[in-house]
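Q: Next comes the structure file input_23.cif, holding mmCIF, C-alpha atoms and all ligand atoms.
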```
data_input
loop_
_atom_site.group_PDB
_atom_site.id
_atom_site.type_symbol
_atom_site.label_atom_id
_atom_site.label_comp_id
_atom_site.auth_asym_id
_atom_site.auth_seq_id
_atom_site.Cartn_x
_atom_site.Cartn_y
_atom_site.Cartn_z
ATOM 1 C CA MET B 1 -1.612 0.935 21.538
ATOM 2 C CA SER B 2 1.824 0.200 22.905
ATOM 3 C CA ARG B 3 3.116 -2.553 20.624
ATOM 4 C CA PRO B 4 6.541 -1.697 19.186
ATOM 5 C CA THR B 5 6.644 -0.603 15.556
ATOM 6 C CA ASP B 6 9.560 -1.133 13.165
ATOM 7 C CA ALA B 7 10.484 2.557 13.517
ATOM 8 C CA ASP B 8 11.235 2.001 17.242
ATOM 9 C CA ARG B 9 13.890 -0.616 16.604
ATOM 10 C CA PRO B 10 17.536 -0.266 15.614
ATOM 11 C CA PRO B 11 18.496 -1.713 12.219
ATOM 12 C CA THR B 12 19.533 -5.359 12.527
ATOM 13 C CA GLU B 13 20.087 -8.342 10.262
ATOM 14 C CA THR B 14 16.603 -9.528 11.127
ATOM 15 C CA THR B 15 13.273 -7.891 10.512
ATOM 16 C CA SER B 16 9.645 -8.499 11.383
ATOM 17 C CA PHE B 17 7.332 -10.739 9.418
ATOM 18 C CA GLY B 18 4.156 -10.009 11.289
ATOM 19 C CA PHE B 19 5.223 -10.511 14.912
ATOM 20 C CA ARG B 20 7.916 -13.065 13.979
ATOM 21 C CA GLU B 21 11.576 -12.158 13.513
ATOM 22 C CA VAL B 22 12.961 -13.428 10.213
ATOM 23 C CA SER B 23 16.123 -12.648 8.286
ATOM 24 C CA ALA B 24 15.785 -9.559 6.106
ATOM 25 C CA ASP B 25 16.675 -11.660 3.057
ATOM 26 C CA ALA B 26 13.923 -14.189 3.713
ATOM 27 C CA ARG B 27 11.128 -11.705 4.361
ATOM 28 C CA GLN B 28 10.223 -10.749 0.796
ATOM 29 C CA GLY B 29 9.898 -14.437 -0.166
ATOM 30 C CA LEU B 30 7.466 -14.959 2.708
ATOM 31 C CA VAL B 31 5.465 -11.882 1.686
ATOM 32 C CA ASN B 32 5.351 -13.159 -1.905
ATOM 33 C CA GLU B 33 3.975 -16.506 -0.684
ATOM 34 C CA VAL B 34 1.196 -14.647 1.116
ATOM 35 C CA PHE B 35 0.084 -12.804 -2.018
ATOM 36 C CA ALA B 36 0.497 -15.826 -4.307
ATOM 37 C CA THR B 37 -1.880 -17.662 -1.949
ATOM 38 C CA VAL B 38 -4.514 -14.934 -1.716
ATOM 39 C CA ALA B 39 -4.358 -13.393 -5.244
ATOM 40 C CA GLU B 40 -7.544 -14.934 -6.656
ATOM 41 C CA ARG B 41 -9.573 -14.063 -3.540
ATOM 42 C CA TYR B 42 -7.812 -10.783 -2.772
ATOM 43 C CA ASP B 43 -10.546 -8.384 -3.949
ATOM 44 C CA LEU B 44 -13.307 -10.326 -2.201
ATOM 45 C CA MET B 45 -11.336 -10.522 1.027
ATOM 46 C CA ASN B 46 -10.561 -6.806 0.900
ATOM 47 C CA ASP B 47 -14.285 -6.075 0.834
ATOM 48 C CA LEU B 48 -15.070 -8.551 3.611
ATOM 49 C CA MET B 49 -12.220 -7.556 5.909
ATOM 50 C CA SER B 50 -12.745 -3.817 5.647
ATOM 51 C CA ALA B 51 -16.545 -3.969 5.223
ATOM 52 C CA GLY B 52 -16.030 -2.121 1.956
ATOM 53 C CA LEU B 53 -14.137 0.741 3.609
ATOM 54 C CA HIS B 54 -11.080 0.217 1.403
ATOM 55 C CA ARG B 55 -13.183 1.453 -1.526
ATOM 56 C CA LEU B 56 -13.897 4.762 0.225
ATOM 57 C CA TRP B 57 -10.254 5.145 1.264
ATOM 58 C CA LYS B 58 -9.090 4.537 -2.316
ATOM 59 C CA GLU B 59 -11.608 7.127 -3.529
ATOM 60 C CA ASP B 60 -10.071 9.562 -1.011
ATOM 61 C CA LEU B 61 -6.630 8.769 -2.429
ATOM 62 C CA VAL B 62 -7.772 9.484 -5.984
ATOM 63 C CA THR B 63 -9.525 12.679 -4.888
ATOM 64 C CA TRP B 64 -6.335 13.877 -3.185
ATOM 65 C CA LEU B 65 -4.271 12.963 -6.258
ATOM 66 C CA ASN B 66 -6.708 14.948 -8.418
ATOM 67 C CA PRO B 67 -5.500 13.623 -11.806
ATOM 68 C CA PRO B 68 -5.913 16.001 -14.774
ATOM 69 C CA ARG B 69 -9.295 15.842 -16.517
ATOM 70 C CA GLY B 70 -7.984 17.187 -19.813
ATOM 71 C CA SER B 71 -5.785 15.701 -22.496
ATOM 72 C CA GLN B 72 -2.371 16.824 -21.208
ATOM 73 C CA PRO B 73 0.025 13.887 -20.705
ATOM 74 C CA PHE B 74 0.270 12.666 -17.104
ATOM 75 C CA ARG B 75 2.114 9.464 -16.151
ATOM 76 C CA HIS B 76 0.933 7.713 -13.020
ATOM 77 C CA LEU B 77 2.855 4.888 -11.352
ATOM 78 C CA ASP B 78 0.992 2.669 -8.892
ATOM 79 C CA VAL B 79 3.515 0.574 -6.972
ATOM 80 C CA ALA B 80 2.418 -2.636 -5.238
ATOM 81 C CA GLY B 81 -0.584 -2.110 -7.487
ATOM 82 C CA GLY B 82 -1.646 -5.755 -7.208
ATOM 83 C CA THR B 83 -5.014 -6.359 -8.791
ATOM 84 C CA GLY B 84 -5.131 -2.859 -10.258
ATOM 85 C CA ASP B 85 -7.736 -1.265 -8.002
ATOM 86 C CA VAL B 86 -6.015 2.118 -7.639
ATOM 87 C CA ALA B 87 -4.880 2.582 -11.248
ATOM 88 C CA LEU B 88 -8.346 1.659 -12.535
ATOM 89 C CA ARG B 89 -9.926 4.215 -10.201
ATOM 90 C CA VAL B 90 -7.437 6.902 -11.237
ATOM 91 C CA LEU B 91 -8.166 6.343 -14.912
ATOM 92 C CA ALA B 92 -11.909 6.376 -14.299
ATOM 93 C CA LYS B 93 -11.558 9.878 -12.822
ATOM 94 C CA SER B 94 -9.136 11.366 -15.329
ATOM 95 C CA GLY B 95 -8.810 12.697 -18.844
ATOM 96 C CA ALA B 96 -7.476 10.968 -21.955
ATOM 97 C CA GLY B 97 -3.893 12.156 -21.357
ATOM 98 C CA VAL B 98 -3.480 10.086 -18.201
ATOM 99 C CA THR B 99 -1.687 6.751 -18.517
ATOM 100 C CA ALA B 100 -0.730 4.396 -15.705
ATOM 101 C CA VAL B 101 1.819 1.723 -14.895
ATOM 102 C CA ILE B 102 0.944 -0.890 -12.290
ATOM 103 C CA CYS B 103 4.129 -2.309 -10.801
ATOM 104 C CA ASP B 104 4.007 -5.281 -8.413
ATOM 105 C CA ILE B 105 6.413 -7.984 -7.318
ATOM 106 C CA SER B 106 3.772 -10.730 -7.458
ATOM 107 C CA PRO B 107 3.040 -12.326 -10.847
ATOM 108 C CA GLU B 108 -0.103 -13.875 -9.348
ATOM 109 C CA MET B 109 -1.527 -10.501 -8.262
ATOM 110 C CA LEU B 110 -0.564 -8.959 -11.629
ATOM 111 C CA ALA B 111 -2.355 -11.772 -13.481
ATOM 112 C CA VAL B 112 -5.607 -10.826 -11.722
ATOM 113 C CA GLY B 113 -4.889 -7.141 -12.425
ATOM 114 C CA ARG B 114 -4.255 -7.867 -16.114
ATOM 115 C CA ARG B 115 -7.686 -9.504 -16.443
ATOM 116 C CA LYS B 116 -9.384 -6.525 -14.774
ATOM 117 C CA VAL B 117 -7.567 -4.014 -17.000
ATOM 118 C CA ALA B 118 -8.597 -5.979 -20.103
ATOM 119 C CA ASP B 119 -12.202 -6.237 -18.883
ATOM 120 C CA ALA B 120 -12.240 -2.457 -18.406
ATOM 121 C CA GLY B 121 -10.958 -1.989 -21.977
ATOM 122 C CA LEU B 122 -7.965 -0.019 -20.663
ATOM 123 C CA GLY B 123 -5.121 -2.164 -22.018
ATOM 124 C CA GLU B 124 -3.921 0.754 -24.161
ATOM 125 C CA ARG B 125 -3.569 3.113 -21.199
ATOM 126 C CA ILE B 126 -2.415 0.819 -18.384
ATOM 127 C CA ASP B 127 0.795 -1.210 -18.419
ATOM 128 C CA LEU B 128 1.511 -3.936 -15.870
ATOM 129 C CA VAL B 129 5.133 -4.477 -14.917
ATOM 130 C CA GLU B 130 6.682 -6.958 -12.492
ATOM 131 C CA GLY B 131 9.118 -5.205 -10.192
ATOM 132 C CA ASN B 132 10.283 -4.575 -6.652
ATOM 133 C CA ALA B 133 9.420 -1.260 -4.969
ATOM 134 C CA GLU B 134 12.977 -1.237 -3.587
ATOM 135 C CA ALA B 135 14.581 -1.295 -7.070
ATOM 136 C CA LEU B 136 12.039 -0.004 -9.574
ATOM 137 C CA PRO B 137 12.641 -0.953 -13.216
ATOM 138 C CA PHE B 138 12.078 2.625 -14.431
ATOM 139 C CA ALA B 139 14.304 5.540 -15.400
ATOM 140 C CA ALA B 140 14.696 8.529 -13.075
ATOM 141 C CA LYS B 141 12.262 11.452 -13.288
ATOM 142 C CA THR B 142 9.685 9.730 -15.483
ATOM 143 C CA PHE B 143 6.414 9.906 -13.523
ATOM 144 C CA ASP B 144 4.110 12.749 -12.525
ATOM 145 C CA ALA B 145 2.618 10.800 -9.642
ATOM 146 C CA TYR B 146 3.559 7.782 -7.554
ATOM 147 C CA THR B 147 0.929 6.013 -5.466
ATOM 148 C CA ILE B 148 1.250 2.994 -3.213
ATOM 149 C CA ALA B 149 -1.818 1.594 -1.456
ATOM 150 C CA PHE B 150 -1.538 -1.009 1.285
ATOM 151 C CA GLY B 151 1.825 -1.895 -0.198
ATOM 152 C CA ILE B 152 4.616 -0.188 1.666
ATOM 153 C CA ARG B 153 4.250 -2.145 4.892
ATOM 154 C CA ASN B 154 5.006 -5.289 2.891
ATOM 155 C CA VAL B 155 8.335 -3.940 1.693
ATOM 156 C CA THR B 156 11.413 -5.026 3.674
ATOM 157 C CA HIS B 157 13.354 -1.742 3.490
ATOM 158 C CA ILE B 158 10.832 1.094 3.516
ATOM 159 C CA ASP B 159 13.602 3.703 3.217
ATOM 160 C CA ARG B 160 14.785 2.143 -0.059
ATOM 161 C CA ALA B 161 11.242 2.135 -1.448
ATOM 162 C CA LEU B 162 10.860 5.823 -0.536
ATOM 163 C CA ALA B 163 14.205 6.650 -2.174
ATOM 164 C CA GLU B 164 13.027 4.873 -5.321
ATOM 165 C CA ALA B 165 9.733 6.783 -5.273
ATOM 166 C CA TYR B 166 11.715 10.013 -5.131
ATOM 167 C CA ARG B 167 14.066 8.898 -7.923
ATOM 168 C CA VAL B 168 11.360 8.006 -10.468
ATOM 169 C CA LEU B 169 9.226 11.103 -9.843
ATOM 170 C CA LYS B 170 9.724 14.198 -11.984
ATOM 171 C CA PRO B 171 10.450 17.424 -10.120
ATOM 172 C CA GLY B 172 6.984 18.686 -9.224
ATOM 173 C CA GLY B 173 5.783 15.087 -8.930
ATOM 174 C CA ARG B 174 3.473 13.865 -6.198
ATOM 175 C CA PHE B 175 3.945 10.947 -3.781
ATOM 176 C CA LEU B 176 0.824 9.516 -2.116
ATOM 177 C CA CYS B 177 0.732 6.519 0.170
ATOM 178 C CA LEU B 178 -2.450 4.913 1.523
ATOM 179 C CA GLU B 179 -1.707 2.501 4.342
ATOM 180 C CA PHE B 180 -3.253 1.015 7.435
ATOM 181 C CA SER B 181 -2.133 3.100 10.340
ATOM 182 C CA HIS B 182 -2.617 3.627 14.065
ATOM 183 C CA VAL B 183 -6.048 4.275 15.556
ATOM 184 C CA ASP B 184 -6.233 7.446 17.621
ATOM 185 C CA VAL B 185 -9.804 7.190 18.899
ATOM 186 C CA PRO B 186 -10.465 5.616 22.335
ATOM 187 C CA MET B 187 -12.760 2.569 22.179
ATOM 188 C CA LEU B 188 -12.346 2.342 18.403
ATOM 189 C CA ASP B 189 -8.874 0.928 19.069
ATOM 190 C CA ARG B 190 -10.300 -1.931 21.194
ATOM 191 C CA LEU B 191 -12.986 -2.686 18.661
ATOM 192 C CA TYR B 192 -10.388 -2.625 15.918
ATOM 193 C CA ASP B 193 -8.093 -4.978 17.864
ATOM 194 C CA PHE B 194 -10.949 -7.443 18.266
ATOM 195 C CA HIS B 195 -11.824 -7.230 14.574
ATOM 196 C CA SER B 196 -8.157 -7.616 13.575
ATOM 197 C CA PHE B 197 -7.099 -10.489 15.769
ATOM 198 C CA GLU B 198 -10.357 -12.424 16.142
ATOM 199 C CA VAL B 199 -12.466 -11.716 13.065
ATOM 200 C CA ILE B 200 -10.081 -11.228 10.136
ATOM 201 C CA PRO B 201 -8.087 -14.485 10.433
ATOM 202 C CA ARG B 202 -11.382 -16.421 10.771
ATOM 203 C CA LEU B 203 -12.834 -14.642 7.753
ATOM 204 C CA GLY B 204 -9.636 -15.489 5.882
ATOM 205 C CA LYS B 205 -10.056 -19.151 6.747
ATOM 206 C CA LEU B 206 -13.716 -19.204 5.736
ATOM 207 C CA ALA B 207 -13.474 -17.212 2.506
ATOM 208 C CA ALA B 208 -9.968 -17.999 1.296
ATOM 209 C CA GLY B 209 -9.284 -21.311 3.015
ATOM 210 C CA ALA B 210 -6.249 -20.052 4.934
ATOM 211 C CA ALA B 211 -5.954 -18.023 8.139
ATOM 212 C CA GLU B 212 -2.159 -17.517 8.185
ATOM 213 C CA PRO B 213 -1.908 -14.979 5.334
ATOM 214 C CA TYR B 214 -4.517 -12.844 7.078
ATOM 215 C CA GLN B 215 -2.788 -13.217 10.420
ATOM 216 C CA TYR B 216 0.322 -11.811 8.700
ATOM 217 C CA LEU B 217 -1.659 -8.906 7.245
ATOM 218 C CA VAL B 218 -3.029 -7.965 10.659
ATOM 219 C CA GLU B 219 0.331 -8.237 12.373
ATOM 220 C CA SER B 220 2.189 -6.293 9.696
ATOM 221 C CA ILE B 221 -0.293 -3.447 10.169
ATOM 222 C CA ARG B 222 0.534 -3.236 13.874
ATOM 223 C CA ARG B 223 4.275 -3.181 13.127
ATOM 224 C CA PHE B 224 4.017 -0.276 10.699
ATOM 225 C CA PRO B 225 5.391 3.095 11.926
ATOM 226 C CA THR B 226 2.996 5.631 13.421
ATOM 227 C CA GLN B 227 1.653 8.437 11.231
ATOM 228 C CA ASP B 228 4.275 10.933 12.472
ATOM 229 C CA ALA B 229 7.182 8.478 12.280
ATOM 230 C CA PHE B 230 6.243 7.584 8.711
ATOM 231 C CA ALA B 231 5.931 11.271 7.763
ATOM 232 C CA ALA B 232 9.484 11.757 9.064
ATOM 233 C CA MET B 233 10.713 8.868 6.882
ATOM 234 C CA ILE B 234 9.103 10.486 3.828
ATOM 235 C CA ARG B 235 10.839 13.790 4.641
ATOM 236 C CA ASN B 236 14.162 11.930 5.059
ATOM 237 C CA ALA B 237 13.778 10.568 1.523
ATOM 238 C CA GLY B 238 13.829 14.170 0.248
ATOM 239 C CA PHE B 239 10.126 14.896 -0.121
ATOM 240 C CA GLU B 240 8.774 18.316 0.800
ATOM 241 C CA ARG B 241 5.423 19.644 2.027
ATOM 242 C CA VAL B 242 4.816 16.276 3.698
ATOM 243 C CA SER B 243 1.422 15.887 5.345
ATOM 244 C CA TYR B 244 -1.072 13.180 6.178
ATOM 245 C CA ARG B 245 -4.768 12.643 6.716
ATOM 246 C CA ASN B 246 -6.258 10.028 9.005
ATOM 247 C CA LEU B 247 -9.125 7.994 7.631
ATOM 248 C CA THR B 248 -11.765 6.358 9.854
ATOM 249 C CA GLY B 249 -10.086 7.404 13.098
ATOM 250 C CA GLY B 250 -6.611 6.412 11.924
ATOM 251 C CA ILE B 251 -7.434 2.840 10.843
ATOM 252 C CA ALA B 252 -5.847 4.047 7.621
ATOM 253 C CA ALA B 253 -3.955 7.182 6.646
ATOM 254 C CA ILE B 254 -2.891 8.872 3.438
ATOM 255 C CA HIS B 255 0.562 10.458 3.431
ATOM 256 C CA SER B 256 1.471 13.015 0.796
ATOM 257 C CA GLY B 257 4.772 14.529 -0.287
ATOM 258 C CA TRP B 258 6.189 16.422 -3.251
ATOM 259 C CA ARG B 259 9.430 16.128 -5.130
ATOM 260 C CA LEU B 260 10.156 19.820 -5.678
HETATM 261 C C1 LIG B 301 -2.231 -5.604 0.262
HETATM 262 S S1 LIG B 301 -1.774 -5.712 -1.439
HETATM 263 C C2 LIG B 301 -2.283 -4.150 -2.077
HETATM 264 C C3 LIG B 301 -2.723 -4.196 -3.511
HETATM 265 C C4 LIG B 301 -3.358 -2.914 -4.054
HETATM 266 N N1 LIG B 301 -2.448 -1.806 -3.999
HETATM 267 C C5 LIG B 301 -4.632 -2.565 -3.327
HETATM 268 O O1 LIG B 301 -4.641 -1.561 -2.624
HETATM 269 O O2 LIG B 301 -5.623 -3.292 -3.459
HETATM 270 C C6 LIG B 301 -0.010 -5.555 -1.323
HETATM 271 C C7 LIG B 301 0.694 -5.738 -2.641
HETATM 272 O O3 LIG B 301 2.079 -5.406 -2.450
HETATM 273 C C8 LIG B 301 2.842 -6.238 -3.287
HETATM 274 N N2 LIG B 301 4.240 -6.201 -2.837
HETATM 275 C C9 LIG B 301 4.767 -6.736 -1.714
HETATM 276 N N3 LIG B 301 6.089 -6.476 -1.631
HETATM 277 C C10 LIG B 301 6.392 -5.742 -2.738
HETATM 278 C C11 LIG B 301 7.586 -5.160 -3.221
HETATM 279 N N4 LIG B 301 8.732 -5.275 -2.546
HETATM 280 N N5 LIG B 301 7.555 -4.487 -4.388
HETATM 281 C C12 LIG B 301 6.391 -4.359 -5.084
HETATM 282 N N6 LIG B 301 5.220 -4.894 -4.675
HETATM 283 C C13 LIG B 301 5.213 -5.575 -3.519
HETATM 284 C C14 LIG B 301 2.147 -7.579 -3.135
HETATM 285 O O4 LIG B 301 2.510 -8.478 -4.157
HETATM 286 C C15 LIG B 301 0.686 -7.160 -3.174
HETATM 287 O O5 LIG B 301 0.173 -7.166 -4.481
#
```
Give the structure from this file in structure tokens form.

A:
Amino acid sequence: MSRPTDADRPPTETTSFGFREVSADARQGLVNEVFATVAERYDLMNDLMSAGLHRLWKEDLVTWLNPPRGSQPFRHLDVAGGTGDVALRVLAKSGAGVTAVICDISPEMLAVGRRKVADAGLGERIDLVEGNAEALPFAAKTFDAYTIAFGIRNVTHIDRALAEAYRVLKPGGRFLCLEFSHVDVPMLDRLYDFHSFEVIPRLGKLAAGAAEPYQYLVESIRRFPTQDAFAAMIRNAGFERVSYRNLTGGIAAIHSGWRL
């Protein structure tokens, strides 16, 4: 795939919103409109668009995080946590000492997440906080783990979000990012292009009544840096032992790093 990614371009006053150029200041507002529009149908659309694969990828993320099973305290921060999928999975696989904070910029997504946390009876162990990944409302060195799933490509300044991840993690803390990535399997890339550009926006229109938000999602995926370029950005933020795993031929990838 030869489309340019954001990592290929010099920093400018403008940035990409899907394949459109918009001012860097305007981008976050446009992203917020997307998630305000899709919040109530987000979980359903995730299942439809990925044929349920996002569930397996999130399980892989939790397995790699390997939260403690015992009662020792462990603070997990899930940024761009939206409807709470990742934090709920982490708590389901962990011991009583694990608590989580879901931080997201969208009040609409958090409202759905709040309902799910209450339904799961986990209100005591999961907090939901409105905040921007680029300026987290948390003190330095307060979390044992930071996760971000399908969130970082929505952030305007990825380097600032990575710097914030580093800041809020305790020394010894773990950074894990699950994100759509770049397919590295011949033929799968063509199939994936067809699914992305022809199927997903139509599904979005049918199931959520709007194609544009899903067009943005597809385009933002293609703009995201390659696996190696993103690993380099994580290293630049100060993380060590940076590595990644491709999932489903690179449709998604999990990047890992440590604050040591
Ligand atoms: C594709 S959803 C992912 C939700 C969830 N992590 C999941 O995997 O199901 C992207 C989320 O990123 C949030 N988001 C976008 N920009 C953000 C920012 N700058 N700071 C925090 N959250 C942001 C959106 O509101 C949305 O909830």

Q: Care to translate the PyMOL selection byres (((not hetatm)) within 7 of (chain B and resi 301)) into actual residues of this file, as number ranges by chain?

A: B: 28, 31-32, 35, 79-86, 103-106, 109, 131-134, 148-151, 154-156

Q: Keeping only C-alpha atoms, write the selected residues to a file as a short mmCIF file (atom, residue, chain, number, x, y, z; two decimals), in the coordinates of the input.

A:
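File written: result-v3.cif
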```cif
data_model
loop_
_atom_site.label_atom_id
_atom_site.label_comp_id
_atom_site.auth_asym_id
_atom_site.auth_seq_id
_atom_site.Cartn_x
_atom_site.Cartn_y
_atom_site.Cartn_z
CA GLN B 28 10.22 -10.75 0.80
CA VAL B 31 5.46 -11.88 1.69
CA ASN B 32 5.35 -13.16 -1.90
CA PHE B 35 0.08 -12.80 -2.02
CA VAL B 79 3.52 0.57 -6.97
CA ALA B 80 2.42 -2.64 -5.24
CA GLY B 81 -0.58 -2.11 -7.49
CA GLY B 82 -1.65 -5.76 -7.21
CA THR B 83 -5.01 -6.36 -8.79
CA GLY B 84 -5.13 -2.86 -10.26
CA ASP B 85 -7.74 -1.26 -8.00
CA VAL B 86 -6.02 2.12 -7.64
CA CYS B 103 4.13 -2.31 -10.80
CA ASP B 104 4.01 -5.28 -8.41
CA ILE B 105 6.41 -7.98 -7.32
CA SER B 106 3.77 -10.73 -7.46
CA MET B 109 -1.53 -10.50 -8.26
CA GLY B 131 9.12 -5.20 -10.19
CA ASN B 132 10.28 -4.58 -6.65
CA ALA B 133 9.42 -1.26 -4.97
CA GLU B 134 12.98 -1.24 -3.59
CA ILE B 148 1.25 2.99 -3.21
CA ALA B 149 -1.82 1.59 -1.46
CA PHE B 150 -1.54 -1.01 1.28
CA GLY B 151 1.82 -1.90 -0.20
CA ASN B 154 5.01 -5.29 2.89
CA VAL B 155 8.34 -3.94 1.69
CA THR B 156 11.41 -5.03 3.67
#
```

Q: Near Ala92 (chain B), within 12 Å and counting all atoms listed in the file, which residues show up once chain neighbours fewer than 3 positions away are dropped, as a list in words?

A: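 Returned residues: Glu59, Val62, Thr63, Asn66, Pro67, Pro68, Arg69, Asp85, Val86, Ala87, Leu88, Arg89, Gly95, Ala96, Val98, Thr99, Ala100, Val117, Ala120, Gly121, Leu122, Arg125 and Ile126 of chain B.
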
Q: Counting only C-alpha atoms, what is within 7 Å of Val242 (chain B), bar same-chain residues fewer than 6 positions away, as number ranges by chain?

A: B: 231, 235, 256-257

Q: If we count all atoms listed in the file, what is near Gly172 (chain B) at a cut-off of 9 Å, once residues fewer than 2 positions away on the same chain are taken out, given as a list of chain:residue names?

A: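 After dropping sequence-adjacent residues, the list is B:Asp144, B:Leu169, B:Lys170, B:Arg174, B:Trp258, B:Arg259, B:Leu260.
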
Q: Contacts between region 190-207 of chain B and region 118-182 of chain B, please, where a residue of region 118-182 of chain B counts if it comes within 12 Å (with only C-alpha atoms); show its shortest atom pair and distance in Å to one decimal, rows by chain and ascending number, as a tab-separated table.

A:
```
residue	atom	partner	partner_atom	distance
B:Phe180	CA	B:Tyr192	CA	11.7
B:Ser181	CA	B:Tyr192	CA	11.5
B:His182	CA	B:Tyr192	CA	10.1
```

Q: May I ask for the distance between CA of Leu30 (chain B) and CA of Leu136 (chain B), given in Å to one decimal place?

A: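 So the two atoms, CA of Leu30 (chain B) and CA of Leu136 (chain B), lie 19.9 Å apart.
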
Q: Using all atoms listed in the file, which residue out of B:Leu176, B:Thr142, B:His255, B:Leu110 lies closest to Ala39 (chain B)?

A: B:Leu110

Q: For Val168 (chain B), which residue out of B:Ile221, B:Gly249, B:Ala24, B:Arg75 is the nearest one, using only C-alpha atoms?

A: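 Of all the options, B:Arg75 lies closest to Val168 (chain B).
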
Q: Do you have the CA of Lys116 (chain B)-CA of Arg245 (chain B) distance handy?

A: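 Atom-to-atom, CA of Lys116 (chain B) and CA of Arg245 (chain B) are spaced 29.2 Å apart.
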
Q: Show me, as AutoDock Vina command-line options, the centre and edge lengths in Å to one decimal of the axis-aligned box that covers every listed atom of region 48-65 of chain B with 3 Å on each side.

A:
```
--center_x -10.4 --center_y 2.7 --center_z -0.2 --size_x 18.3 --size_y 28.4 --size_z 18.2
```

Q: Would you work out the distance separating CA of Asp119 (chain B) from CA of Tyr42 (chain B), expressed in Å to one decimal?

A: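 It comes out at 17.3 Å.
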
Q: Spell out the residues picked by the PyMOL selection byres (((chain B and resi 213) around 9) and not hetatm) here, as a PDB file with C-alpha atoms, keeping the file's coordinate frame.

A:
```
ATOM      1  CA  VAL B  31       5.465 -11.882   1.686  1.00  0.00           C
ATOM      2  CA  GLU B  33       3.975 -16.506  -0.684  1.00  0.00           C
ATOM      3  CA  VAL B  34       1.196 -14.647   1.116  1.00  0.00           C
ATOM      4  CA  PHE B  35       0.084 -12.804  -2.018  1.00  0.00           C
ATOM      5  CA  THR B  37      -1.880 -17.662  -1.949  1.00  0.00           C
ATOM      6  CA  VAL B  38      -4.514 -14.934  -1.716  1.00  0.00           C
ATOM      7  CA  PRO B 201      -8.087 -14.485  10.433  1.00  0.00           C
ATOM      8  CA  GLY B 204      -9.636 -15.489   5.882  1.00  0.00           C
ATOM      9  CA  ALA B 210      -6.249 -20.052   4.934  1.00  0.00           C
ATOM     10  CA  ALA B 211      -5.954 -18.023   8.139  1.00  0.00           C
ATOM     11  CA  GLU B 212      -2.159 -17.517   8.185  1.00  0.00           C
ATOM     12  CA  TYR B 214      -4.517 -12.844   7.078  1.00  0.00           C
ATOM     13  CA  GLN B 215      -2.788 -13.217  10.420  1.00  0.00           C
ATOM     14  CA  TYR B 216       0.322 -11.811   8.700  1.00  0.00           C
ATOM     15  CA  LEU B 217      -1.659  -8.906   7.245  1.00  0.00           C
ATOM     16  CA  VAL B 218      -3.029  -7.965  10.659  1.00  0.00           C
TER      17      VAL B 218
END
```

Q: Evaluate the PyMOL selection byres (((chain B and resi 237) around 8) and not hetatm) against this structure - the residues, as a count of residues only, please.

A: 10

Q: Have a look at B:Leu48, B:Ile251, B:Ala229, B:Ala145 and name the one nearest to Phe74 (chain B); count only C-alpha atoms.

A: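 Going through B:Leu48, B:Ile251, B:Ala229, B:Ala145 one by one, the smallest distance to Phe74 (chain B) is for B:Ala145.
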